[in-house]
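Shown below: upload.txt, with compact mmCIF, C-alpha atoms and all ligand atoms.
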```txt
# COMPACT_ATOMS: atom_id res chain seq x y z
CA MET A 16 125.20 109.90 129.92
CA GLY A 17 127.06 112.41 127.74
CA LYS A 18 125.48 114.60 125.13
CA LEU A 19 123.68 112.61 122.44
CA ASN A 20 123.45 113.24 118.71
CA LEU A 21 119.73 113.43 118.06
CA GLY A 22 118.34 113.33 114.52
CA ILE A 23 114.94 114.95 114.09
CA LEU A 24 113.18 113.96 110.88
CA PHE A 25 110.39 116.15 109.55
CA GLY A 26 108.24 116.74 106.47
CA GLY A 27 107.92 113.73 104.22
CA LYS A 28 106.19 112.36 101.17
CA SER A 29 102.76 112.29 102.79
CA SER A 30 99.47 114.19 102.74
CA GLU A 31 100.36 115.18 106.31
CA TYR A 32 103.56 117.05 105.38
CA GLU A 33 102.27 120.35 106.82
CA VAL A 34 101.20 118.74 110.08
CA SER A 35 104.72 117.38 110.44
CA LEU A 36 106.23 120.86 110.00
CA SER A 37 104.18 122.12 112.96
CA SER A 38 105.05 119.10 115.10
CA ALA A 39 108.77 119.39 114.28
CA TYR A 40 108.90 123.12 114.95
CA ALA A 41 107.38 122.56 118.40
CA LEU A 42 109.78 119.73 119.14
CA LEU A 43 112.82 121.76 118.05
CA SER A 44 111.70 124.67 120.21
CA ASN A 45 111.39 122.47 123.30
CA VAL A 46 114.09 119.83 123.09
CA ASP A 47 116.78 120.17 125.77
CA ARG A 48 119.94 121.42 123.96
CA GLU A 49 122.04 120.67 127.05
CA LYS A 50 121.33 116.98 126.55
CA TYR A 51 121.16 116.75 122.77
CA ASP A 52 123.10 117.99 119.78
CA VAL A 53 120.30 118.24 117.28
CA PHE A 54 120.60 117.35 113.58
CA THR A 55 117.47 118.51 111.82
CA ILE A 56 116.73 116.47 108.73
CA GLY A 57 113.97 117.67 106.44
CA ILE A 58 112.27 115.50 103.83
CA THR A 59 110.67 117.37 100.94
CA LYS A 60 107.20 116.58 99.62
CA ASP A 61 108.81 114.55 96.86
CA GLY A 62 110.90 112.59 99.33
CA LYS A 63 114.40 114.16 99.17
CA TRP A 64 116.40 114.20 102.44
CA TYR A 65 118.42 117.25 103.56
CA LEU A 66 120.20 118.38 106.69
CA PHE A 67 118.64 121.77 107.47
CA GLU A 68 120.81 124.30 109.29
CA GLY A 69 118.64 127.40 108.98
CA ASP A 70 116.33 129.08 111.46
CA ALA A 71 113.53 126.83 112.76
CA GLU A 72 110.97 129.53 111.87
CA ARG A 73 111.54 128.52 108.25
CA ILE A 74 110.19 125.05 109.01
CA LEU A 75 107.00 126.66 110.24
CA ASP A 76 106.61 128.93 107.19
CA GLY A 77 107.47 126.07 104.82
CA SER A 78 110.51 127.74 103.18
CA TRP A 79 113.14 125.55 104.90
CA PHE A 80 114.34 123.78 101.71
CA GLU A 81 115.20 127.03 99.89
CA SER A 82 118.63 127.47 101.53
CA ASP A 83 120.94 126.20 104.31
CA VAL A 84 120.26 122.63 103.22
CA TYR A 85 122.74 119.82 102.52
CA GLU A 86 121.91 116.50 100.92
CA VAL A 87 122.31 113.57 103.34
CA LEU A 88 122.93 109.84 103.06
CA VAL A 89 122.08 107.23 105.70
CA SER A 90 124.54 104.35 105.73
CA PRO A 91 122.77 100.97 105.81
CA SER A 92 125.81 99.41 107.53
CA TYR A 93 124.50 98.08 110.83
CA GLY A 94 125.80 99.81 113.92
CA ARG A 95 127.74 102.59 112.21
CA ARG A 96 124.68 104.80 112.75
CA ARG A 97 126.18 107.05 110.16
CA LEU A 98 124.75 110.08 108.47
CA GLY A 99 126.82 111.48 105.60
CA VAL A 100 126.35 115.18 104.92
CA LEU A 101 127.33 116.41 101.44
CA ARG A 102 129.07 119.73 102.01
CA GLU A 103 130.26 122.26 99.42
CA GLY A 104 132.88 120.97 96.99
CA GLY A 105 131.73 117.36 97.36
CA ARG A 106 133.21 116.89 100.84
CA ILE A 107 131.31 114.35 102.96
CA GLU A 108 131.02 115.12 106.64
CA LYS A 109 130.36 112.07 108.82
CA VAL A 110 127.94 112.32 111.73
CA THR A 111 127.09 109.49 114.13
CA LEU A 112 123.44 109.50 115.10
CA ASP A 113 122.74 108.12 118.58
CA VAL A 114 118.97 108.25 118.19
CA VAL A 115 116.36 109.55 115.75
CA PHE A 116 112.95 111.06 116.47
CA PRO A 117 110.89 110.74 113.27
CA VAL A 118 108.39 113.56 113.58
CA LEU A 119 106.65 112.30 110.47
CA HIS A 120 102.98 111.59 109.96
CA GLY A 121 101.34 109.35 107.39
CA LYS A 122 102.83 107.51 104.44
CA PHE A 123 106.58 106.74 104.40
CA GLY A 124 107.19 108.21 107.87
CA GLU A 125 104.59 106.55 110.06
CA ASP A 126 104.08 103.36 108.08
CA GLY A 127 107.27 101.48 108.97
CA ARG A 128 109.38 102.35 105.93
CA VAL A 129 111.57 104.92 107.66
CA GLN A 130 111.57 102.73 110.80
CA GLY A 131 112.82 99.82 108.66
CA LEU A 132 115.58 101.91 107.09
CA LEU A 133 116.79 103.14 110.48
CA SER A 134 116.64 99.66 112.03
CA VAL A 135 118.76 98.23 109.21
CA ALA A 136 121.33 100.91 110.10
CA GLY A 137 120.95 100.05 113.80
CA ILE A 138 119.86 103.57 114.76
CA PRO A 139 117.49 103.61 117.77
CA THR A 140 114.25 105.30 116.77
CA VAL A 141 111.51 106.89 118.84
CA GLY A 142 108.19 105.08 118.60
CA CYS A 143 106.96 101.86 117.09
CA GLY A 144 109.15 99.55 115.06
CA CYS A 145 108.75 98.57 111.46
CA THR A 146 106.07 95.88 111.79
CA ALA A 147 103.79 97.62 114.30
CA SER A 148 104.04 100.89 112.33
CA ALA A 149 103.07 99.12 109.11
CA VAL A 150 100.16 97.22 110.66
CA CYS A 151 98.84 100.34 112.41
CA MET A 152 99.08 102.43 109.25
CA ASP A 153 96.82 100.05 107.36
CA LYS A 154 93.38 100.34 108.98
CA ALA A 155 92.24 97.01 107.53
CA LEU A 156 95.25 95.15 108.97
CA THR A 157 94.81 96.93 112.31
CA LYS A 158 91.19 95.78 112.45
CA THR A 159 92.19 92.18 111.72
CA VAL A 160 94.72 92.09 114.57
CA VAL A 161 92.40 93.79 117.05
CA ALA A 162 89.52 91.49 116.05
CA SER A 163 91.64 88.38 116.50
CA ALA A 164 92.63 89.51 119.99
CA ASP A 165 88.89 89.89 120.75
CA ILE A 166 89.35 93.13 122.69
CA VAL A 167 86.56 95.51 121.71
CA ARG A 168 83.87 96.08 119.08
CA GLN A 169 84.80 97.76 115.79
CA ALA A 170 82.71 99.13 112.92
CA ARG A 171 81.75 96.45 110.40
CA ALA A 172 83.71 97.01 107.21
CA VAL A 173 84.36 95.76 103.73
CA VAL A 174 87.75 96.25 102.09
CA ALA A 175 87.85 97.27 98.42
CA TYR A 176 90.69 97.71 95.93
CA SER A 177 90.87 100.27 93.10
CA ARG A 178 91.88 97.54 90.66
CA ASP A 179 88.43 95.96 91.12
CA GLY A 180 86.67 99.25 90.36
CA ALA A 181 83.98 101.33 92.06
CA GLU A 182 81.11 99.07 90.93
CA ASP A 183 82.55 96.07 92.77
CA ALA A 184 82.95 98.23 95.87
CA ARG A 185 79.36 99.47 95.61
CA ARG A 186 77.86 96.01 95.15
CA ARG A 187 79.64 94.55 98.16
CA ALA A 188 79.15 97.59 100.38
CA GLU A 189 75.41 97.80 99.65
CA ALA A 190 75.01 94.07 100.33
CA GLU A 191 77.12 93.90 103.48
CA ILE A 192 77.06 97.38 105.05
CA GLY A 193 74.13 99.48 103.76
CA TYR A 194 73.61 103.24 104.01
CA PRO A 195 74.74 105.40 105.71
CA MET A 196 78.35 104.33 105.17
CA PHE A 197 81.70 105.81 106.04
CA ILE A 198 84.38 105.51 103.36
CA LYS A 199 88.10 105.97 104.01
CA PRO A 200 91.51 105.05 102.59
CA ALA A 201 93.20 102.12 104.37
CA SER A 202 96.42 104.11 104.78
CA SER A 203 95.99 107.79 105.28
CA GLY A 204 95.60 110.29 108.07
CA SER A 205 94.21 113.69 109.00
CA SER A 206 90.88 112.55 107.48
CA VAL A 207 92.19 113.07 103.94
CA GLY A 208 89.99 111.09 101.52
CA CYS A 209 87.31 110.31 104.15
CA SER A 210 83.57 110.84 103.59
CA LYS A 211 80.20 110.03 105.02
CA VAL A 212 77.86 108.59 102.39
CA LYS A 213 74.12 108.86 103.12
CA ASP A 214 72.81 107.27 99.94
CA GLY A 215 73.87 105.87 96.59
CA SER A 216 74.06 109.28 94.88
CA THR A 217 77.39 110.28 96.50
CA PHE A 218 78.92 106.80 96.68
CA ASP A 219 81.11 107.02 93.56
CA LYS A 220 82.50 110.43 94.45
CA ALA A 221 83.41 109.22 97.96
CA VAL A 222 85.04 106.05 96.66
CA GLN A 223 87.10 108.03 94.15
CA ALA A 224 88.24 110.46 96.87
CA ALA A 225 89.42 107.51 98.98
CA PHE A 226 91.09 105.75 96.01
CA ALA A 227 92.97 108.99 95.26
CA GLU A 228 94.79 108.43 98.57
CA ASP A 229 95.21 104.66 98.49
CA GLY A 230 94.38 101.74 96.19
CA LYS A 231 92.90 99.98 99.24
CA ILE A 232 89.90 101.44 101.07
CA LEU A 233 87.48 100.61 103.90
CA ILE A 234 83.74 101.01 103.62
CA GLU A 235 82.38 100.95 107.14
CA GLU A 236 79.05 101.16 108.87
CA CYS A 237 78.57 104.72 110.06
CA ILE A 238 79.07 105.07 113.79
CA THR A 239 77.33 107.82 115.74
CA GLY A 240 79.03 108.63 118.98
CA ARG A 241 81.51 110.76 120.87
CA GLU A 242 85.10 110.77 119.60
CA ILE A 243 87.40 109.50 122.35
CA GLU A 244 91.22 109.44 122.32
CA VAL A 245 93.67 107.81 124.73
CA ALA A 246 97.45 108.42 124.84
CA VAL A 247 99.84 105.57 125.66
CA LEU A 248 103.53 105.96 126.55
CA GLU A 249 105.74 102.87 126.82
CA GLU A 250 109.09 102.85 128.63
CA GLY A 251 110.96 99.57 129.02
CA GLY A 252 107.69 97.65 128.81
CA ARG A 253 105.94 99.84 131.41
CA LEU A 254 102.85 101.67 130.13
CA THR A 255 101.61 105.09 131.14
CA VAL A 256 98.03 105.34 129.91
CA SER A 257 96.15 108.64 129.97
CA VAL A 258 92.54 109.28 130.76
CA PRO A 259 90.41 109.50 127.61
CA ALA A 260 89.89 112.86 125.95
CA GLU A 261 86.74 113.75 124.05
CA ILE A 262 86.62 115.80 120.90
CA ASP A 263 83.44 117.69 120.19
CA VAL A 264 83.38 118.35 116.44
CA GLY A 265 80.71 121.04 116.79
CA SER A 266 78.50 121.40 113.75
CA SER A 267 80.85 119.44 111.47
CA GLU A 268 79.55 116.24 110.00
CA PHE A 269 82.61 114.36 111.27
CA TYR A 270 86.17 115.11 112.40
CA ASP A 271 87.44 116.16 108.97
CA TYR A 272 90.68 117.95 107.95
CA GLU A 273 89.04 121.37 108.17
CA THR A 274 87.80 120.71 111.70
CA LYS A 275 91.14 119.24 112.77
CA TYR A 276 93.42 122.03 111.59
CA VAL A 277 91.59 125.00 110.07
CA SER A 278 88.27 125.99 111.63
CA ASP A 279 87.70 126.62 115.32
CA GLU A 280 84.57 124.46 115.29
CA SER A 281 85.93 121.77 117.57
CA SER A 282 86.55 121.74 121.30
CA PHE A 283 87.88 119.09 123.59
CA TYR A 284 87.36 117.78 127.10
CA ILE A 285 89.93 116.08 129.34
CA PRO A 286 88.73 113.79 130.70
CA ALA A 287 85.96 112.84 128.28
CA ARG A 288 82.42 113.57 129.47
CA ILE A 289 81.62 109.91 130.12
CA ASP A 290 81.22 108.20 133.48
CA GLU A 291 84.25 107.12 135.43
CA GLU A 292 83.80 103.43 134.73
CA ALA A 293 83.63 104.12 130.98
CA GLN A 294 86.78 106.25 131.25
CA LYS A 295 88.65 103.44 132.98
CA ASN A 296 87.41 100.96 130.39
CA ALA A 297 88.61 103.18 127.53
CA SER A 298 92.09 103.52 129.06
CA ALA A 299 92.38 99.81 129.82
CA THR A 300 91.18 98.92 126.32
CA ALA A 301 93.72 101.29 124.76
CA ALA A 302 96.51 99.55 126.67
CA LYS A 303 95.33 96.13 125.44
CA ILE A 304 95.20 97.37 121.83
CA PHE A 305 98.68 98.93 122.10
CA THR A 306 100.05 95.62 123.38
CA ALA A 307 98.18 93.43 120.88
CA LEU A 308 99.58 95.48 117.98
CA GLY A 309 103.15 95.25 119.31
CA CYS A 310 103.52 99.01 119.72
CA ARG A 311 106.47 100.71 121.40
CA GLY A 312 107.22 104.22 122.62
CA LEU A 313 103.99 106.00 121.91
CA SER A 314 100.62 105.77 120.25
CA ARG A 315 97.25 107.46 120.44
CA VAL A 316 94.30 105.07 120.42
CA ASP A 317 91.01 106.47 119.07
CA PHE A 318 87.48 105.26 119.79
CA PHE A 319 83.84 106.17 119.49
CA TYR A 320 81.58 106.05 122.54
CA THR A 321 77.93 105.64 121.68
CA ALA A 322 74.82 106.96 123.41
CA GLU A 323 74.15 103.35 124.48
CA GLY A 324 77.45 103.34 126.35
CA GLU A 325 79.34 101.14 123.92
CA LEU A 326 83.04 101.68 123.28
CA ILE A 327 84.03 101.09 119.63
CA PHE A 328 87.67 101.09 118.51
CA ASN A 329 88.31 103.29 115.46
CA GLU A 330 92.03 103.58 114.76
CA ILE A 331 95.51 103.93 116.26
CA ASN A 332 98.13 106.57 115.41
CA THR A 333 101.72 105.55 116.05
CA LEU A 334 103.10 109.07 115.43
CA PRO A 335 100.24 111.32 116.47
CA GLY A 336 100.29 115.12 116.10
CA PHE A 337 103.03 116.38 118.40
CA THR A 338 102.64 120.12 118.96
CA PRO A 339 102.07 121.17 122.59
CA ILE A 340 98.39 121.73 121.70
CA SER A 341 98.04 118.33 120.01
CA MET A 342 96.02 115.76 121.91
CA TYR A 343 98.85 113.30 122.68
CA PRO A 344 101.06 115.83 124.50
CA LYS A 345 98.00 117.37 126.15
CA LEU A 346 96.87 114.02 127.54
CA MET A 347 100.38 113.28 128.79
CA GLY A 348 100.42 116.76 130.35
CA HIS A 349 97.23 115.80 132.18
CA ALA A 350 99.08 112.70 133.42
CA GLY A 351 101.77 115.03 134.84
CA ILE A 352 104.34 114.72 132.04
CA GLY A 353 105.22 118.13 130.56
CA TYR A 354 106.16 118.59 126.89
CA SER A 355 109.97 118.77 127.29
CA GLU A 356 109.96 115.88 129.76
CA LEU A 357 107.82 113.88 127.32
CA ILE A 358 110.37 114.41 124.51
CA ASP A 359 113.12 113.30 126.85
CA ARG A 360 111.30 110.19 128.07
CA LEU A 361 110.43 109.14 124.51
CA ILE A 362 114.08 109.43 123.48
CA ARG A 363 115.22 107.46 126.58
CA SER A 364 112.60 104.84 125.78
CA ALA A 365 114.01 104.48 122.24
CA LEU A 366 117.48 103.90 123.73
CA ASP A 367 116.25 101.11 126.06
N1 LIG B 1 82.91 104.24 110.72
C1 LIG B 1 82.82 105.54 110.95
N2 LIG B 1 81.61 106.11 111.22
C2 LIG B 1 81.51 107.43 111.43
N3 LIG B 1 82.53 108.29 111.40
C3 LIG B 1 83.75 107.80 111.12
C4 LIG B 1 83.97 106.41 110.90
N4 LIG B 1 85.28 106.22 110.67
C5 LIG B 1 85.86 107.43 110.75
N5 LIG B 1 84.96 108.39 111.03
C6 LIG B 1 85.20 109.85 111.15
O1 LIG B 1 86.28 110.23 110.31
C7 LIG B 1 87.38 110.72 111.07
C8 LIG B 1 88.67 110.26 110.41
O2 LIG B 1 88.68 108.85 110.32
P1 LIG B 1 89.89 108.02 110.89
O3 LIG B 1 89.55 106.58 110.72
O4 LIG B 1 90.19 108.46 112.26
O5 LIG B 1 91.06 108.37 109.87
P2 LIG B 1 92.35 109.37 109.98
O6 LIG B 1 93.51 108.44 110.05
O7 LIG B 1 92.32 110.14 108.71
O8 LIG B 1 92.19 110.20 111.22
C9 LIG B 1 87.14 110.18 112.47
O9 LIG B 1 87.75 110.97 113.44
C10 LIG B 1 85.62 110.24 112.55
O10 LIG B 1 85.17 111.58 112.76
MG MG B 2 91.71 109.62 113.12
```
Any chance you could give the structure as structure tokens?
Amino acid sequence: MGKLNLGILFGGKSSEYEVSLSSAYALLSNVDREKYDVFTIGITKDGKWYLFEGDAERILDGSWFESDVYEVLVSPSYGRRRLGVLREGGRIEKVTLDVVFPVLHGKFGEDGRVQGLLSVAGIPTVGCGCTASAVCMDKALTKTVVASADIVRQARAVVAYSRDGAEDARRRAEAEIGYPMFIKPASSGSSVGCSKVKDGSTFDKAVQAAFAEDGKILIEECITGREIEVAVLEEGGRLTVSVPAEIDVGSSEFYDYETKYVSDESSFYIPARIDEEAQKNASATAAKIFTALGCRGLSRVDFFYTAEGELIFNEINTLPGFTPISMYPKLMGHAGIGYSELIDRLIRSALD
């Protein structure tokens, strides 16, 4: 195969914009330039798309959009796979994209919208397609699909909408779930808008924080257990499933944004500190969930593992954090697939 034109999408109109910058910088630093001509496309926080031709360091420091950027257009015409770049003087340069790696997390980038746009244009895209991305982004829809496939236990939950108000949410949650509760937006990531609620006094504040992210929220029973994550890679229908990792959140109340990205509270264990049979069960369950949700390419499947030895599915991430120190690449590394090879295999998988 000759050299391919690879589009790398980063940034995006999402609360996980910054996480995407780190993931994209790592990817750009490790992608094999002998195999790919890279077109780096940045999306600003307000959703504007630009080809970025500056130094990758400027993605990391967040100043990328200040210069060396050109507005881009994606043609919806199927099969042209065309990116138009608006150069100085109004000239449009045409680029054919062979494949795109959307290094986007959260809303717009991970929720099927970008996947839908690229599939209309007929551009092969790394990772899940439009439907699976959308279902996996909405934690309530994910739960419904996983429940109907009868794979594994999940936290009991009620779904509430902002249009019905906080009082409606409180009444139903107190009747059906009870304290302590865990409240989270249906579509979010990086723990933004998530809180543990021990009693009625903090309920309204927690509900408002979740509604600030999404008009649809989940109020779940609070699960106490280890946090377990499994990485899945799909190539032509064949799955590579990692051992489970365990995240120890230290003294944090749960795995919140601060613990994920800022403090050095957390530590991790690969494999998770659970017995071998439980490890195998977690990996096998992750594969079943990946398949039931119609995922492709990659996903990270997250669970709790209780002191009683029960595995409980929490959520799935179709575009998980992708720096070399992020859990997905680390778990694949443990399975013998290095970071650059992983990038390559994901791109090949998209072209299948
Ligand atoms: N039902 C629950 N009980 C206890 N803790 C929870 C529950 N749901 C989520 N959490 C905690 O909140 C974190 C973030 O929630 P999660 O559903 O994974 O959303 P995100 O997409 O933001 O990562 C989890 O890693 C876990 O620490
Ligand atoms: Mg999570």
Distance limit 9 Å, reference ligand LIG 1 (chain B), atoms considered: all atoms listed in the file. Which residues make the cut? Give them as a PyMOL selection string. chain A and resi 121+152+154+169-172+195-211+233-242+262+264+268-272+275+317-319+329-332
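Closest to ligand MG 2 (chain B) among A:Phe226, A:Phe328, A:Phe116, A:Trp79 is A:Phe328, based on all atoms listed in the file.
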What lies within 10 Å of Glu33 (chain A) using all atoms listed in the file, ignoring chain neighbours under 4 positions off, as JSON, numbers by chain? {"A": [25, 26, 27, 29, 37, 38, 39, 60, 74, 75, 76, 77, 119, 120]}
Excluding Gly131 (chain A) and any residue of its chain fewer than 3 positions from it, enumerate the residues within 10 Å of it, using only C-alpha atoms, and give them as a ChimeraX atom specification. /A:126-128,134-137,140,144-146,148-149
From the set A:Ile243, A:Ser257, A:Ala147, A:Gly265, which residue has the shortest atom-to-atom contact distance to Gln130 (chain A), counting all atoms listed in the file?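 Nearest to Gln130 (chain A): A:Ala147.
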For CA of Asp263 (chain A) and CA of Arg315 (chain A), the interatomic separation in Å (one decimal): 17.2 Å
Quick one: distance from CA of Pro259 (chain A) to CA of Val245 (chain A) in Å, one decimal? 4.7 Å
When you count all atoms listed in the file, which of these residues is closest to Pro91 (chain A): A:Val212, A:Leu36, A:Val110, A:Leu133? A:Leu133
Min atom-atom distance to Arg360 (chain A) from the set A:Ile166, A:Val89, A:Met347, A:Leu112, counting only C-alpha atoms, belongs to A:Met347
Which of these, A:Gly94, A:Gly252, A:Gly17, A:Gly57, has the shortest distance to Phe305 (chain A) once you count only C-alpha atoms?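 Closest to Phe305 (chain A), using only C-alpha atoms: A:Gly252.
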Exercise: Glu182 (chain A) partners within 10 Å, only C-alpha atoms, chain neighbours under 3 positions left out, as a VMD selection string: chain A and resid 179 185 to 188 218 to 219 222
Just the residues within 7 Å of Ser314 (chain A), please, counting only C-alpha atoms, with nothing from its chain fewer than 5 positions along; format it as a list of chain:residue names.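 Answer for this query is A:Ala246, A:Val247, A:Leu248, A:Ile331, A:Asn332, A:Thr333, A:Leu334, A:Pro335.
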Shortest interatomic distance to ligand MG 2 (chain B) - which of A:Ile192, A:Ala322, A:Cys151, A:Cys143, counting all atoms listed in the file: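 Going through A:Ile192, A:Ala322, A:Cys151, A:Cys143 one by one, the smallest distance to ligand MG 2 (chain B) is for A:Cys151.
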Around (122.1, 114.3, 113.1) in the file's own coordinates, what residues are found within 12 Å if you use all atoms listed in the file, given back as an MDAnalysis selection string? chainID A and resid 19:24 51:57 65:68 85 87:89 96:100 108:117 138
Could you check how far CA of Lys231 (chain A) sits from CA of Ala297 (chain A), in Å to one decimal?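 Between CA of Lys231 (chain A) and CA of Ala297 (chain A) the gap works out to 28.8 Å.
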Contacts of Leu254 (chain A) at 10 Å (only C-alpha atoms; same-chain gap of 4+ positions) as a PDB file with C-alpha atoms, keeping the file's coordinate frame:
```
ATOM      1  CA  VAL A 247      99.840 105.570 125.660  1.00  0.00           C
ATOM      2  CA  LEU A 248     103.530 105.960 126.550  1.00  0.00           C
ATOM      3  CA  GLU A 249     105.740 102.870 126.820  1.00  0.00           C
ATOM      4  CA  GLU A 250     109.090 102.850 128.630  1.00  0.00           C
ATOM      5  CA  ALA A 302      96.510  99.550 126.670  1.00  0.00           C
ATOM      6  CA  PHE A 305      98.680  98.930 122.100  1.00  0.00           C
ATOM      7  CA  THR A 306     100.050  95.620 123.380  1.00  0.00           C
ATOM      8  CA  ARG A 311     106.470 100.710 121.400  1.00  0.00           C
ATOM      9  CA  GLY A 312     107.220 104.220 122.620  1.00  0.00           C
ATOM     10  CA  LEU A 313     103.990 106.000 121.910  1.00  0.00           C
TER      11      LEU A 313
END
```
